[in-house]
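Visitor: The structure file target-v5.cif (mmCIF, N, CA and C atoms) is provided below.
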```
data_query
#
loop_
_atom_site.label_atom_id
_atom_site.label_comp_id
_atom_site.auth_asym_id
_atom_site.auth_seq_id
_atom_site.Cartn_x
_atom_site.Cartn_y
_atom_site.Cartn_z
N MET A 3 26.11 48.25 91.50
CA MET A 3 25.82 47.56 92.74
C MET A 3 25.20 46.20 92.43
N THR A 4 25.68 45.17 93.05
CA THR A 4 25.14 43.84 92.87
C THR A 4 24.30 43.49 94.09
N LYS A 5 23.11 42.96 93.84
CA LYS A 5 22.20 42.60 94.93
C LYS A 5 21.59 41.24 94.62
N LEU A 6 21.75 40.29 95.53
CA LEU A 6 21.15 38.97 95.37
C LEU A 6 19.71 39.04 95.85
N ILE A 7 18.78 38.71 94.96
CA ILE A 7 17.36 38.77 95.31
C ILE A 7 16.88 37.42 95.80
N THR A 8 17.25 36.36 95.09
CA THR A 8 16.83 35.01 95.45
C THR A 8 17.71 34.02 94.72
N THR A 9 17.57 32.77 95.05
CA THR A 9 18.30 31.71 94.35
C THR A 9 17.29 30.66 93.88
N THR A 10 17.67 29.91 92.85
CA THR A 10 16.84 28.82 92.36
C THR A 10 17.74 27.63 92.07
N PRO A 11 17.20 26.44 92.21
CA PRO A 11 18.02 25.25 91.90
C PRO A 11 18.14 25.05 90.39
N VAL A 12 19.18 24.34 90.00
CA VAL A 12 19.35 23.92 88.62
C VAL A 12 19.00 22.44 88.58
N GLY A 13 18.01 22.09 87.77
CA GLY A 13 17.55 20.70 87.70
C GLY A 13 18.54 19.79 87.01
N LYS A 14 18.22 18.50 86.99
CA LYS A 14 19.14 17.51 86.42
C LYS A 14 19.36 17.72 84.92
N ASN A 15 18.42 18.39 84.23
CA ASN A 15 18.57 18.68 82.80
C ASN A 15 19.11 20.09 82.56
N GLY A 16 19.57 20.76 83.60
CA GLY A 16 20.14 22.09 83.46
C GLY A 16 19.11 23.20 83.43
N GLN A 17 17.86 22.90 83.75
CA GLN A 17 16.81 23.90 83.72
C GLN A 17 16.67 24.59 85.06
N THR A 18 16.25 25.83 85.01
CA THR A 18 15.96 26.59 86.23
C THR A 18 14.74 27.45 85.97
N VAL A 19 14.21 28.05 87.01
CA VAL A 19 13.00 28.85 86.91
C VAL A 19 13.35 30.30 87.21
N VAL A 20 12.75 31.22 86.46
CA VAL A 20 12.91 32.63 86.79
C VAL A 20 11.98 32.92 87.97
N PRO A 21 12.54 33.30 89.11
CA PRO A 21 11.71 33.49 90.31
C PRO A 21 10.63 34.55 90.12
N ALA A 22 9.55 34.39 90.86
CA ALA A 22 8.41 35.32 90.76
C ALA A 22 8.83 36.75 91.03
N GLU A 23 9.74 36.95 91.99
CA GLU A 23 10.20 38.31 92.30
C GLU A 23 10.83 38.98 91.08
N ILE A 24 11.61 38.22 90.34
CA ILE A 24 12.28 38.75 89.14
C ILE A 24 11.26 38.97 88.03
N ARG A 25 10.35 38.01 87.82
CA ARG A 25 9.33 38.18 86.79
C ARG A 25 8.50 39.43 87.06
N LYS A 26 8.17 39.66 88.31
CA LYS A 26 7.39 40.85 88.67
C LYS A 26 8.21 42.12 88.47
N LEU A 27 9.45 42.09 88.91
CA LEU A 27 10.33 43.26 88.80
C LEU A 27 10.50 43.70 87.35
N PHE A 28 10.69 42.73 86.45
CA PHE A 28 10.93 43.04 85.04
C PHE A 28 9.70 42.87 84.16
N LYS A 29 8.54 42.60 84.79
CA LYS A 29 7.28 42.43 84.05
C LYS A 29 7.46 41.41 82.92
N LEU A 30 8.09 40.30 83.24
CA LEU A 30 8.36 39.28 82.23
C LEU A 30 7.09 38.67 81.66
N HIS A 31 6.02 38.69 82.40
CA HIS A 31 4.78 38.11 81.90
C HIS A 31 4.05 39.05 80.94
N ARG A 32 4.48 40.27 80.81
CA ARG A 32 3.82 41.23 79.93
C ARG A 32 4.69 41.60 78.74
N LYS A 33 5.68 42.43 78.98
CA LYS A 33 6.48 42.99 77.89
C LYS A 33 7.53 42.01 77.35
N PHE A 34 8.14 41.25 78.23
CA PHE A 34 9.24 40.38 77.83
C PHE A 34 8.82 38.92 77.96
N THR A 35 9.21 38.12 77.02
CA THR A 35 8.89 36.70 77.10
C THR A 35 10.16 35.86 77.05
N ARG A 36 11.31 36.48 76.90
CA ARG A 36 12.57 35.73 76.82
C ARG A 36 13.60 36.40 77.72
N VAL A 37 14.58 35.62 78.14
CA VAL A 37 15.72 36.16 78.86
C VAL A 37 16.98 35.77 78.11
N GLY A 38 17.99 36.62 78.17
CA GLY A 38 19.28 36.34 77.55
C GLY A 38 20.31 36.04 78.61
N TRP A 39 21.23 35.16 78.29
CA TRP A 39 22.32 34.78 79.19
C TRP A 39 23.61 35.39 78.66
N PHE A 40 24.27 36.20 79.47
CA PHE A 40 25.47 36.91 79.06
C PHE A 40 26.64 36.54 79.97
N ILE A 41 27.83 36.41 79.38
CA ILE A 41 29.03 36.20 80.17
C ILE A 41 29.68 37.56 80.36
N HIS A 42 29.89 37.92 81.61
CA HIS A 42 30.51 39.21 81.95
C HIS A 42 31.63 38.93 82.93
N ASP A 43 32.87 39.10 82.47
CA ASP A 43 34.05 38.74 83.26
C ASP A 43 33.93 37.28 83.71
N SER A 44 33.87 37.03 84.99
CA SER A 44 33.82 35.65 85.47
C SER A 44 32.44 35.27 86.01
N ARG A 45 31.40 35.96 85.55
CA ARG A 45 30.05 35.62 86.01
C ARG A 45 29.07 35.62 84.85
N ILE A 46 27.91 35.04 85.09
CA ILE A 46 26.85 34.99 84.09
C ILE A 46 25.76 35.97 84.52
N GLU A 47 25.29 36.77 83.57
CA GLU A 47 24.19 37.69 83.83
C GLU A 47 23.00 37.28 82.99
N VAL A 48 21.83 37.37 83.57
CA VAL A 48 20.59 37.06 82.88
C VAL A 48 19.80 38.35 82.78
N ALA A 49 19.31 38.66 81.58
CA ALA A 49 18.57 39.91 81.39
C ALA A 49 17.37 39.68 80.49
N PRO A 50 16.29 40.44 80.72
CA PRO A 50 15.12 40.30 79.84
C PRO A 50 15.45 40.77 78.43
N ILE A 51 14.91 40.07 77.45
CA ILE A 51 15.12 40.37 76.04
C ILE A 51 13.76 40.50 75.38
N GLU A 52 13.59 41.54 74.59
CA GLU A 52 12.33 41.68 73.86
C GLU A 52 12.27 40.64 72.76
N GLU A 53 11.12 40.03 72.61
CA GLU A 53 10.92 39.01 71.57
C GLU A 53 11.01 39.68 70.21
N LYS A 54 11.81 39.11 69.35
CA LYS A 54 11.92 39.62 67.98
C LYS A 54 11.17 38.70 67.05
N LYS A 55 10.60 39.28 66.02
CA LYS A 55 9.91 38.48 65.03
C LYS A 55 10.93 37.67 64.25
N ALA A 56 10.61 36.42 64.00
CA ALA A 56 11.51 35.55 63.25
C ALA A 56 11.69 36.07 61.83
N ASP A 57 12.87 35.88 61.28
CA ASP A 57 13.15 36.32 59.92
C ASP A 57 12.38 35.51 58.89
N TYR A 58 12.07 34.25 59.22
CA TYR A 58 11.38 33.38 58.29
C TYR A 58 10.12 32.81 58.95
N SER A 59 9.07 32.66 58.17
CA SER A 59 7.85 32.03 58.68
C SER A 59 8.05 30.52 58.73
N THR A 60 7.14 29.84 59.39
CA THR A 60 7.21 28.37 59.46
C THR A 60 7.16 27.77 58.08
N GLU A 61 6.30 28.32 57.22
CA GLU A 61 6.18 27.80 55.85
C GLU A 61 7.48 27.99 55.08
N GLU A 62 8.11 29.16 55.24
CA GLU A 62 9.37 29.40 54.55
C GLU A 62 10.45 28.46 55.04
N LEU A 63 10.49 28.20 56.36
CA LEU A 63 11.49 27.28 56.89
C LEU A 63 11.28 25.87 56.36
N GLU A 64 10.01 25.46 56.21
CA GLU A 64 9.74 24.14 55.65
C GLU A 64 10.21 24.06 54.20
N LYS A 65 9.99 25.13 53.43
CA LYS A 65 10.49 25.16 52.05
C LYS A 65 12.01 25.06 52.03
N LEU A 66 12.67 25.78 52.94
CA LEU A 66 14.13 25.73 53.01
C LEU A 66 14.62 24.33 53.35
N GLN A 67 13.93 23.65 54.27
CA GLN A 67 14.32 22.28 54.60
C GLN A 67 14.19 21.37 53.39
N ASN A 68 13.12 21.52 52.63
CA ASN A 68 12.94 20.70 51.43
C ASN A 68 14.02 21.01 50.39
N LEU A 69 14.35 22.30 50.23
CA LEU A 69 15.40 22.67 49.28
C LEU A 69 16.76 22.13 49.71
N ALA A 70 17.00 22.05 51.00
CA ALA A 70 18.30 21.57 51.49
C ALA A 70 18.50 20.10 51.17
N ARG A 71 17.43 19.37 50.98
CA ARG A 71 17.53 17.94 50.66
C ARG A 71 17.85 17.69 49.19
N VAL A 72 17.67 18.70 48.34
CA VAL A 72 17.86 18.53 46.90
C VAL A 72 19.35 18.63 46.58
N LYS A 73 19.83 17.71 45.74
CA LYS A 73 21.24 17.75 45.34
C LYS A 73 21.49 18.97 44.46
N GLY A 74 22.68 19.52 44.56
CA GLY A 74 23.06 20.67 43.76
C GLY A 74 22.92 21.97 44.53
N GLY A 75 21.78 22.16 45.15
CA GLY A 75 21.55 23.33 45.99
C GLY A 75 21.62 24.64 45.26
N LYS A 76 21.38 25.69 46.00
CA LYS A 76 21.41 27.04 45.46
C LYS A 76 22.01 27.94 46.53
N ALA A 77 22.89 28.83 46.14
CA ALA A 77 23.53 29.75 47.09
C ALA A 77 22.96 31.15 46.90
N PHE A 78 22.81 31.86 48.00
CA PHE A 78 22.29 33.23 47.96
C PHE A 78 23.30 34.17 48.59
N LYS A 79 23.36 35.39 48.05
CA LYS A 79 24.31 36.37 48.56
C LYS A 79 23.80 37.08 49.81
N SER A 80 22.50 37.00 50.06
CA SER A 80 21.94 37.66 51.25
C SER A 80 20.68 36.93 51.69
N ALA A 81 20.28 37.20 52.92
CA ALA A 81 19.04 36.61 53.44
C ALA A 81 17.84 37.12 52.64
N GLN A 82 17.89 38.37 52.22
CA GLN A 82 16.79 38.93 51.44
C GLN A 82 16.67 38.22 50.08
N ALA A 83 17.79 37.90 49.48
CA ALA A 83 17.75 37.17 48.22
C ALA A 83 17.11 35.81 48.40
N ALA A 84 17.42 35.16 49.50
CA ALA A 84 16.79 33.85 49.79
C ALA A 84 15.31 34.00 50.00
N LYS A 85 14.88 35.03 50.73
CA LYS A 85 13.45 35.26 50.94
C LYS A 85 12.74 35.55 49.63
N ASP A 86 13.37 36.35 48.78
CA ASP A 86 12.78 36.66 47.48
C ASP A 86 12.59 35.39 46.66
N TYR A 87 13.59 34.51 46.70
CA TYR A 87 13.48 33.24 45.96
C TYR A 87 12.36 32.39 46.52
N LEU A 88 12.24 32.33 47.83
CA LEU A 88 11.17 31.54 48.44
C LEU A 88 9.80 32.04 48.03
N ASN A 89 9.67 33.33 47.85
CA ASN A 89 8.37 33.90 47.44
C ASN A 89 7.97 33.48 46.02
N THR A 90 8.97 33.07 45.23
CA THR A 90 8.66 32.65 43.85
C THR A 90 8.20 31.19 43.79
N LEU A 91 8.40 30.44 44.86
CA LEU A 91 8.04 29.01 44.87
C LEU A 91 6.57 28.81 45.10
#
```
Is it possible to give me this structure as structure tokens?
Guide:
Amino acid sequence: MTKLITTTPVGKNGQTVVPAEIRKLFKLHRKFTRVGWFIHDSRIEVAPIEEKKADYSTEELEKLQNLARVKGGKAFKSAQAAKDYLNTL
């Protein structure tokens, strides 16, 4: 069953607000902090998504950025191999 609860405008930069009714219904201010946008047939669905911990810390990402600037580079067969290498730096 599809039920329209409310509508919100889309701003000039493509931004919109999750209405208070929806935030309350899905407890977005507590358990969920993100929403996902899904294409389903000919419509878009928005659903709460649980926040996942990032695979890399900020420090690790900075190290990766510095490594990307170096000529020659290094290739890894898996994300875990890359993390292991970063831990040696």
Visitor: Go ahead and compute the interatomic distance for atom CA of A:Glu62 and atom CA of A:Leu91, in Å to one decimal.
Guide: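 Atom CA of A:Glu62 sits 9.8 Å away from atom CA of A:Leu91.
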Visitor: Just so the selection is clear, what residues does the PyMOL selection byres (((chain A and resi 21 and name CA) around 8) and name CA) cover here, as a list in words?
Guide: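 Written out, the selection comes to Thr8, Thr9, Thr10, Val19, Val20, Ala22, Glu23, Ile24 and Arg25 of chain A.
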Visitor: For the alpha helix (DSSP H) assignment from backbone DSSP, which residues of chain A qualify? Please present them as a list in words.
Guide: Ala22, Glu23, Ile24, Arg25, Lys26, Leu27, Phe28, Thr60, Glu61, Glu62, Leu63, Glu64, Lys65, Leu66, Gln67, Asn68, Leu69, Ala70, Arg71, Ala81, Gln82, Ala83, Ala84, Lys85, Asp86, Tyr87, Leu88, Asn89 and Thr90 of chain A
Visitor: For atom CA of A:Thr4 and atom CA of A:Glu52, determine how far apart the two atoms are, in Å to one decimal place.
Guide: 23.0 Å
Visitor: So what does the PyMOL selection byres (((chain A and resi 36 and name CA) around 9) and name CA) actually pick up in this one, as an MDAnalysis selection string?
Guide: chainID A and resid 30 34:35 37:38 49:53
Visitor: Convert the current residue selection to file output with N, CA and C atoms, as a compact mmCIF listing (two decimals), keeping the file's coordinate frame.
Guide:
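This is the output file again-v5.txt:
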```
# COMPACT_ATOMS: atom_id res chain seq x y z
N LEU A 30 8.09 40.30 83.24
CA LEU A 30 8.36 39.28 82.23
C LEU A 30 7.09 38.67 81.66
N PHE A 34 8.14 41.25 78.23
CA PHE A 34 9.24 40.38 77.83
C PHE A 34 8.82 38.92 77.96
N THR A 35 9.21 38.12 77.02
CA THR A 35 8.89 36.70 77.10
C THR A 35 10.16 35.86 77.05
N VAL A 37 14.58 35.62 78.14
CA VAL A 37 15.72 36.16 78.86
C VAL A 37 16.98 35.77 78.11
N GLY A 38 17.99 36.62 78.17
CA GLY A 38 19.28 36.34 77.55
C GLY A 38 20.31 36.04 78.61
N ALA A 49 19.31 38.66 81.58
CA ALA A 49 18.57 39.91 81.39
C ALA A 49 17.37 39.68 80.49
N PRO A 50 16.29 40.44 80.72
CA PRO A 50 15.12 40.30 79.84
C PRO A 50 15.45 40.77 78.43
N ILE A 51 14.91 40.07 77.45
CA ILE A 51 15.12 40.37 76.04
C ILE A 51 13.76 40.50 75.38
N GLU A 52 13.59 41.54 74.59
CA GLU A 52 12.33 41.68 73.86
C GLU A 52 12.27 40.64 72.76
N GLU A 53 11.12 40.03 72.61
CA GLU A 53 10.92 39.01 71.57
C GLU A 53 11.01 39.68 70.21
```
Visitor: Enumerate as a PyMOL selection string all residues of chain A assigned to strand (DSSP E or B) by DSSP on the backbone, naming them with the chain letters and numbers the document uses.
Guide: chain A and resi 36-42+45-51
Visitor: Could you tell me how far atom CA of A:Ser80 sits from atom N of A:Trp39, in Å to one decimal place?
Guide: 27.2 Å
Visitor: Tell me, as a list in words, which residues lie within 10 Å of A:Leu66, counting only C-alpha atoms; anything in the same chain fewer than 6 positions away does not count.
Guide: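 After dropping sequence-adjacent residues, the list is Tyr58, Thr60, Ala84, Lys85 and Leu88 of chain A.
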